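Source file: data30.cif (mmCIF, C-alpha atoms)
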```cif
data_model
#
loop_
_atom_site.group_PDB
_atom_site.id
_atom_site.type_symbol
_atom_site.label_atom_id
_atom_site.label_comp_id
_atom_site.auth_asym_id
_atom_site.auth_seq_id
_atom_site.Cartn_x
_atom_site.Cartn_y
_atom_site.Cartn_z
ATOM 1 C CA MET A 14 -96.961 43.500 -200.737
ATOM 2 C CA SER A 15 -100.001 44.561 -202.732
ATOM 3 C CA LEU A 16 -99.163 44.604 -206.421
ATOM 4 C CA GLN A 17 -101.271 46.021 -209.233
ATOM 5 C CA ILE A 18 -100.382 45.239 -212.856
ATOM 6 C CA ASP A 19 -101.874 47.365 -215.613
ATOM 7 C CA GLU A 20 -101.437 47.580 -219.361
ATOM 8 C CA VAL A 21 -100.252 51.053 -220.382
ATOM 9 C CA PRO A 22 -99.674 52.750 -223.738
ATOM 10 C CA PRO A 23 -96.093 52.403 -225.021
ATOM 11 C CA SER A 24 -95.622 56.146 -224.482
ATOM 12 C CA GLU A 25 -96.120 55.583 -220.734
ATOM 13 C CA ALA A 26 -93.645 52.712 -220.392
ATOM 14 C CA PRO A 27 -90.988 53.550 -217.765
ATOM 15 C CA MET A 28 -87.855 53.882 -219.909
ATOM 16 C CA ASP A 29 -85.561 53.981 -216.859
ATOM 17 C CA LEU A 30 -86.721 50.498 -215.876
ATOM 18 C CA LEU A 31 -86.644 49.124 -219.413
ATOM 19 C CA LEU A 32 -83.023 50.240 -219.765
ATOM 20 C CA LEU A 33 -82.104 48.049 -216.788
ATOM 21 C CA ALA A 34 -82.923 44.991 -218.898
ATOM 22 C CA ASP A 35 -81.833 46.338 -222.293
ATOM 23 C CA PRO A 36 -79.101 48.993 -222.254
ATOM 24 C CA SER A 37 -79.807 50.156 -225.821
ATOM 25 C CA GLU A 38 -82.354 52.983 -225.724
ATOM 26 C CA ASP A 39 -82.520 52.908 -229.528
ATOM 27 C CA ALA A 40 -83.419 49.205 -229.497
ATOM 28 C CA VAL A 41 -86.062 49.723 -226.802
ATOM 29 C CA LYS A 42 -87.627 52.615 -228.718
ATOM 30 C CA GLU A 43 -87.654 50.508 -231.897
ATOM 31 C CA TYR A 44 -89.701 47.654 -230.430
ATOM 32 C CA LEU A 45 -91.742 49.640 -227.922
ATOM 33 C CA ASN A 46 -94.280 51.104 -230.346
ATOM 34 C CA GLN A 47 -95.088 47.672 -231.808
ATOM 35 C CA SER A 48 -95.668 46.151 -228.394
ATOM 36 C CA ARG A 49 -97.976 45.786 -225.412
ATOM 37 C CA CYS A 50 -96.602 47.295 -222.210
ATOM 38 C CA PHE A 51 -97.398 46.315 -218.645
ATOM 39 C CA VAL A 52 -96.439 48.150 -215.476
ATOM 40 C CA ALA A 53 -96.425 46.806 -211.915
ATOM 41 C CA TYR A 54 -97.309 49.222 -209.116
ATOM 42 C CA ALA A 55 -96.822 48.818 -205.365
ATOM 43 C CA ASN A 56 -98.607 51.530 -203.375
ATOM 44 C CA ASP A 57 -99.035 53.581 -206.569
ATOM 45 C CA VAL A 58 -95.268 53.520 -207.228
ATOM 46 C CA VAL A 59 -93.920 51.915 -210.423
ATOM 47 C CA VAL A 60 -91.806 48.918 -209.398
ATOM 48 C CA GLY A 61 -91.709 46.805 -212.560
ATOM 49 C CA SER A 62 -92.426 46.745 -216.255
ATOM 50 C CA CYS A 63 -92.484 44.393 -219.189
ATOM 51 C CA VAL A 64 -92.969 44.617 -222.936
ATOM 52 C CA LEU A 65 -94.565 41.980 -225.203
ATOM 53 C CA LYS A 66 -94.385 41.960 -228.992
ATOM 54 C CA PRO A 67 -96.261 39.647 -231.386
ATOM 55 C CA ILE A 68 -93.931 37.664 -233.653
ATOM 56 C CA GLU A 69 -94.391 35.054 -236.384
ATOM 57 C CA GLY A 70 -95.988 31.679 -235.901
ATOM 58 C CA GLY A 71 -98.592 32.798 -233.372
ATOM 59 C CA MET A 72 -95.909 33.458 -230.778
ATOM 60 C CA VAL A 73 -95.356 36.519 -228.586
ATOM 61 C CA GLU A 74 -91.887 37.707 -227.611
ATOM 62 C CA LEU A 75 -91.110 38.994 -224.141
ATOM 63 C CA MET A 76 -88.900 41.866 -225.251
ATOM 64 C CA ASN A 77 -88.150 43.287 -221.824
ATOM 65 C CA ILE A 78 -88.905 42.704 -218.155
ATOM 66 C CA ALA A 79 -87.387 44.702 -215.330
ATOM 67 C CA VAL A 80 -87.913 45.446 -211.647
ATOM 68 C CA SER A 81 -86.534 48.497 -209.874
ATOM 69 C CA PRO A 82 -83.281 47.622 -208.071
ATOM 70 C CA SER A 83 -84.698 48.329 -204.603
ATOM 71 C CA ASN A 84 -87.544 45.868 -205.263
ATOM 72 C CA GLN A 85 -85.586 43.016 -206.828
ATOM 73 C CA GLN A 86 -85.531 39.598 -205.157
ATOM 74 C CA SER A 87 -88.978 40.256 -203.653
ATOM 75 C CA GLY A 88 -91.083 38.189 -206.075
ATOM 76 C CA ILE A 89 -92.314 41.144 -208.148
ATOM 77 C CA GLY A 90 -90.622 39.935 -211.335
ATOM 78 C CA THR A 91 -92.098 36.465 -210.926
ATOM 79 C CA ARG A 92 -95.594 37.838 -210.301
ATOM 80 C CA LEU A 93 -95.279 40.176 -213.288
ATOM 81 C CA LEU A 94 -94.081 37.348 -215.550
ATOM 82 C CA ARG A 95 -96.851 34.988 -214.403
ATOM 83 C CA ASN A 96 -99.411 37.735 -215.026
ATOM 84 C CA VAL A 97 -98.250 38.329 -218.596
ATOM 85 C CA ILE A 98 -97.982 34.585 -219.268
ATOM 86 C CA ASP A 99 -101.675 34.355 -218.376
ATOM 87 C CA LYS A 100 -102.504 37.354 -220.604
ATOM 88 C CA VAL A 101 -100.611 35.838 -223.541
ATOM 89 C CA LYS A 102 -102.423 32.507 -223.047
ATOM 90 C CA GLU A 103 -105.782 34.311 -222.936
ATOM 91 C CA SER A 104 -104.944 36.089 -226.200
ATOM 92 C CA GLY A 105 -104.802 32.726 -227.972
ATOM 93 C CA ALA A 106 -101.080 32.885 -228.743
ATOM 94 C CA ARG A 107 -99.251 29.606 -229.253
ATOM 95 C CA GLY A 108 -96.549 30.526 -226.762
ATOM 96 C CA LEU A 109 -94.063 32.998 -225.407
ATOM 97 C CA GLU A 110 -90.441 33.435 -226.491
ATOM 98 C CA VAL A 111 -87.613 35.366 -224.839
ATOM 99 C CA GLY A 112 -83.958 36.014 -225.604
ATOM 100 C CA THR A 113 -81.443 36.142 -222.763
ATOM 101 C CA GLY A 114 -77.770 35.654 -222.068
ATOM 102 C CA THR A 115 -76.257 32.202 -221.742
ATOM 103 C CA PHE A 116 -75.643 32.623 -218.007
ATOM 104 C CA GLY A 117 -76.834 34.665 -215.056
ATOM 105 C CA TYR A 118 -79.885 34.836 -212.822
ATOM 106 C CA GLN A 119 -82.142 35.715 -215.773
ATOM 107 C CA LEU A 120 -81.734 32.251 -217.273
ATOM 108 C CA THR A 121 -82.809 30.566 -214.033
ATOM 109 C CA PHE A 122 -85.675 33.058 -213.655
ATOM 110 C CA TYR A 123 -87.182 31.976 -216.983
ATOM 111 C CA GLN A 124 -86.494 28.275 -216.505
ATOM 112 C CA ARG A 125 -88.365 28.316 -213.181
ATOM 113 C CA GLN A 126 -91.469 29.368 -215.132
ATOM 114 C CA GLY A 127 -91.124 26.509 -217.603
ATOM 115 C CA PHE A 128 -89.196 28.176 -220.435
ATOM 116 C CA ARG A 129 -86.876 25.840 -222.325
ATOM 117 C CA VAL A 130 -83.930 26.519 -224.589
ATOM 118 C CA ALA A 131 -85.007 26.472 -228.236
ATOM 119 C CA ARG A 132 -81.847 27.710 -229.969
ATOM 120 C CA ILE A 133 -78.665 29.749 -229.630
ATOM 121 C CA ASP A 134 -77.995 32.977 -231.523
ATOM 122 C CA LYS A 135 -74.190 32.939 -231.575
ATOM 123 C CA GLY A 136 -72.572 36.367 -231.376
ATOM 124 C CA PHE A 137 -75.875 38.226 -230.839
ATOM 125 C CA PHE A 138 -74.583 40.592 -228.157
ATOM 126 C CA LEU A 139 -71.371 41.238 -230.101
ATOM 127 C CA ARG A 140 -73.332 42.139 -233.257
ATOM 128 C CA ASN A 141 -76.081 44.203 -231.660
ATOM 129 C CA TYR A 142 -74.505 46.187 -228.815
ATOM 130 C CA PRO A 143 -71.605 48.605 -229.320
ATOM 131 C CA GLU A 144 -70.567 48.373 -225.657
ATOM 132 C CA PRO A 145 -69.810 44.998 -224.056
ATOM 133 C CA ILE A 146 -72.496 43.647 -221.729
ATOM 134 C CA VAL A 147 -70.666 42.171 -218.752
ATOM 135 C CA GLU A 148 -72.186 40.215 -215.878
ATOM 136 C CA ASP A 149 -70.207 38.722 -212.997
ATOM 137 C CA GLY A 150 -67.005 39.674 -214.824
ATOM 138 C CA VAL A 151 -67.916 37.715 -217.974
ATOM 139 C CA GLN A 152 -68.939 39.294 -221.280
ATOM 140 C CA HIS A 153 -72.201 38.141 -222.834
ATOM 141 C CA LYS A 154 -71.625 37.041 -226.423
ATOM 142 C CA ASP A 155 -74.366 34.588 -227.377
ATOM 143 C CA MET A 156 -78.116 34.785 -226.814
ATOM 144 C CA LEU A 157 -80.278 31.855 -225.793
ATOM 145 C CA ARG A 158 -83.759 31.837 -227.298
ATOM 146 C CA LEU A 159 -86.159 30.283 -224.785
ATOM 147 C CA THR A 160 -89.771 29.297 -225.401
ATOM 148 C CA LEU A 161 -92.797 28.516 -223.289
ATOM 149 C CA GLU A 162 -95.382 26.770 -225.465
ATOM 150 C CA PHE A 163 -98.997 26.660 -224.350
ATOM 151 C CA CYS A 164 -100.302 23.803 -226.491
ATOM 152 C CA GLY A 165 -98.896 20.530 -227.665
ATOM 153 C CA ASP A 166 -95.933 19.311 -225.624
ATOM 154 C CA THR A 167 -96.905 19.884 -221.982
ATOM 155 C CA SER A 168 -93.350 19.165 -220.806
ATOM 156 C CA GLN A 169 -92.555 22.753 -221.800
ATOM 157 C CA GLN A 170 -95.328 24.290 -219.724
ATOM 158 C CA ARG A 171 -94.904 25.915 -216.340
ATOM 159 C CA THR A 172 -95.907 23.771 -213.403
ATOM 160 C CA VAL A 173 -97.389 25.287 -210.282
#
```

Let me see the file written as structure tokens.
Amino acid sequence: MSLQIDEVPPSEAPMDLLLLADPSEDAVKEYLNQSRCFVAYANDVVVGSCVLKPIEGGMVELMNIAVSPSNQQSGIGTRLLRNVIDKVKESGARGLEVGTGTFGYQLTFYQRQGFRVARIDKGFFLRNYPEPIVEDGVQHKDMLRLTLEFCGDTSQQRTV
């Protein structure tokens, strides 16, 4: 599948896709305008999106990454993530950070690219989302903060 990944203005980010990864439209709108947005296209159709936001310490946070349901499990998410990892490296950032639940396919997805657990934010999903976020019949409560550092300890870097 031919995939094109372009940076777009925050106003052009596909909200329907972003809400697949973060069910709080208010939260998405809050971080969107302070972020860089990337969209993946297959045959001129939007199939994926991600949002990157600069944070302290020379790091960039992956705020959101999502692939349309009909295109999941086809490698689009991995290609999109690898593309933005390269863009973040090129920008001179120290590394990339992401928050995700303590279980589920998302955790494995990030670990395959070299992300490692940095800390746990206990009760994050309970404090920040009015409706429970449930996956495989289990409610998410805590958030894992994962990092992929580009310099220093190479054991944290993605291997190809």

Find the residues around Leu120 (chain A) up to 12 Å (only C-alpha atoms counted), leave out those fewer than 5 positions away in its own chain, and share them as a CSV table (one decimal) with C-alpha atoms, in the coordinates of the input.
```csv
chain,number,residue,atom,x,y,z
A,111,VAL,CA,-87.6,35.4,-224.8
A,112,GLY,CA,-84.0,36.0,-225.6
A,113,THR,CA,-81.4,36.1,-222.8
A,114,GLY,CA,-77.8,35.7,-222.1
A,115,THR,CA,-76.3,32.2,-221.7
A,125,ARG,CA,-88.4,28.3,-213.2
A,126,GLN,CA,-91.5,29.4,-215.1
A,127,GLY,CA,-91.1,26.5,-217.6
A,128,PHE,CA,-89.2,28.2,-220.4
A,129,ARG,CA,-86.9,25.8,-222.3
A,130,VAL,CA,-83.9,26.5,-224.6
A,156,MET,CA,-78.1,34.8,-226.8
A,157,LEU,CA,-80.3,31.9,-225.8
A,158,ARG,CA,-83.8,31.8,-227.3
A,159,LEU,CA,-86.2,30.3,-224.8
A,160,THR,CA,-89.8,29.3,-225.4
```

Subject >> Chain and number of each residue from the PyMOL selection byres ((chain A and resi 25-27) around 10), as a PyMOL selection string >> reply: chain A and resi 20-24+28-32+45+49-52+59-64+79

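Here CA of Asp155 (chain A) and CA of Ser87 (chain A) stand 28.4 Å from one another.
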
**OP:** Let me know the residues the PyMOL selection byres ((chain A and resi 161) around 12) catches in the file above, as a ChimeraX atom specification.
**Re:** /A:72-75,94-95,98-99,101-102,106-112,123-131,158-160,162-172

Subject >> Of the listed residues A:Glu144, A:Pro67, A:Asp19, A:Phe122, that which approaches Gly90 (chain A) most closely, counting only C-alpha atoms >> reply: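 Nearest to Gly90 (chain A): A:Phe122.
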
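The spacing separating CA of Ala53 (chain A) from CA of Gln17 (chain A) amounts to 5.6 Å.
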
**OP:** Give me, please, the distance in Å between CA of Gly105 (chain A) and CA of Ile68 (chain A), quoted to one decimal.
**Re:** 13.2 Å

Original post:
Between A:Glu69, A:Phe116, A:Asn46, A:Arg92, which is the closest to Gly150 (chain A) once you count only C-alpha atoms?
Top reply: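 Closest residue, counting only C-alpha atoms: A:Phe116.
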
Original post:
Taking only C-alpha atoms into account, which of A:Ser83, A:Gln47, A:Thr91, A:Gln152 comes nearest Phe138 (chain A)?
Top reply: A:Gln152

Missing atoms in region 135-148 of chain A: fill them in up to N, CA and C atoms and send the result as a PDB file, keeping the file's coordinate frame.
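Result written to out27.pdb:
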```pdb
ATOM      1  N   LYS A 135     -75.612  32.694-231.854  1.00  0.00           N
ATOM      2  CA  LYS A 135     -74.190  32.939-231.575  1.00  0.00           C
ATOM      3  C   LYS A 135     -73.784  34.345-231.995  1.00  0.00           C
ATOM      4  N   GLY A 136     -73.098  35.038-231.096  1.00  0.00           N
ATOM      5  CA  GLY A 136     -72.572  36.367-231.376  1.00  0.00           C
ATOM      6  C   GLY A 136     -73.593  37.491-231.311  1.00  0.00           C
ATOM      7  N   PHE A 137     -74.817  37.209-230.846  1.00  0.00           N
ATOM      8  CA  PHE A 137     -75.875  38.226-230.839  1.00  0.00           C
ATOM      9  C   PHE A 137     -75.450  39.508-230.132  1.00  0.00           C
ATOM     10  N   PHE A 138     -74.929  39.392-228.928  1.00  0.00           N
ATOM     11  CA  PHE A 138     -74.583  40.592-228.157  1.00  0.00           C
ATOM     12  C   PHE A 138     -73.392  41.327-228.767  1.00  0.00           C
ATOM     13  N   LEU A 139     -72.507  40.603-229.424  1.00  0.00           N
ATOM     14  CA  LEU A 139     -71.371  41.238-230.101  1.00  0.00           C
ATOM     15  C   LEU A 139     -71.843  42.024-231.321  1.00  0.00           C
ATOM     16  N   ARG A 140     -72.816  41.485-232.047  1.00  0.00           N
ATOM     17  CA  ARG A 140     -73.332  42.139-233.257  1.00  0.00           C
ATOM     18  C   ARG A 140     -74.255  43.313-232.966  1.00  0.00           C
ATOM     19  N   ASN A 141     -74.993  43.256-231.871  1.00  0.00           N
ATOM     20  CA  ASN A 141     -76.081  44.203-231.660  1.00  0.00           C
ATOM     21  C   ASN A 141     -75.847  45.277-230.610  1.00  0.00           C
ATOM     22  N   TYR A 142     -74.774  45.193-229.857  1.00  0.00           N
ATOM     23  CA  TYR A 142     -74.505  46.187-228.815  1.00  0.00           C
ATOM     24  C   TYR A 142     -73.084  46.715-228.964  1.00  0.00           C
ATOM     25  N   PRO A 143     -72.938  48.037-229.121  1.00  0.00           N
ATOM     26  CA  PRO A 143     -71.605  48.605-229.320  1.00  0.00           C
ATOM     27  C   PRO A 143     -70.713  48.481-228.082  1.00  0.00           C
ATOM     28  N   GLU A 144     -71.327  48.520-226.902  1.00  0.00           N
ATOM     29  CA  GLU A 144     -70.567  48.373-225.657  1.00  0.00           C
ATOM     30  C   GLU A 144     -70.742  46.946-225.136  1.00  0.00           C
ATOM     31  N   PRO A 145     -69.682  46.351-224.606  1.00  0.00           N
ATOM     32  CA  PRO A 145     -69.810  44.998-224.056  1.00  0.00           C
ATOM     33  C   PRO A 145     -70.826  44.961-222.915  1.00  0.00           C
ATOM     34  N   ILE A 146     -71.590  43.884-222.852  1.00  0.00           N
ATOM     35  CA  ILE A 146     -72.496  43.647-221.729  1.00  0.00           C
ATOM     36  C   ILE A 146     -71.811  42.603-220.855  1.00  0.00           C
ATOM     37  N   VAL A 147     -71.448  43.015-219.653  1.00  0.00           N
ATOM     38  CA  VAL A 147     -70.666  42.171-218.752  1.00  0.00           C
ATOM     39  C   VAL A 147     -71.489  41.882-217.499  1.00  0.00           C
ATOM     40  N   GLU A 148     -71.489  40.628-217.094  1.00  0.00           N
ATOM     41  CA  GLU A 148     -72.186  40.215-215.878  1.00  0.00           C
ATOM     42  C   GLU A 148     -71.268  39.275-215.108  1.00  0.00           C
TER      43      GLU A 148
END
```
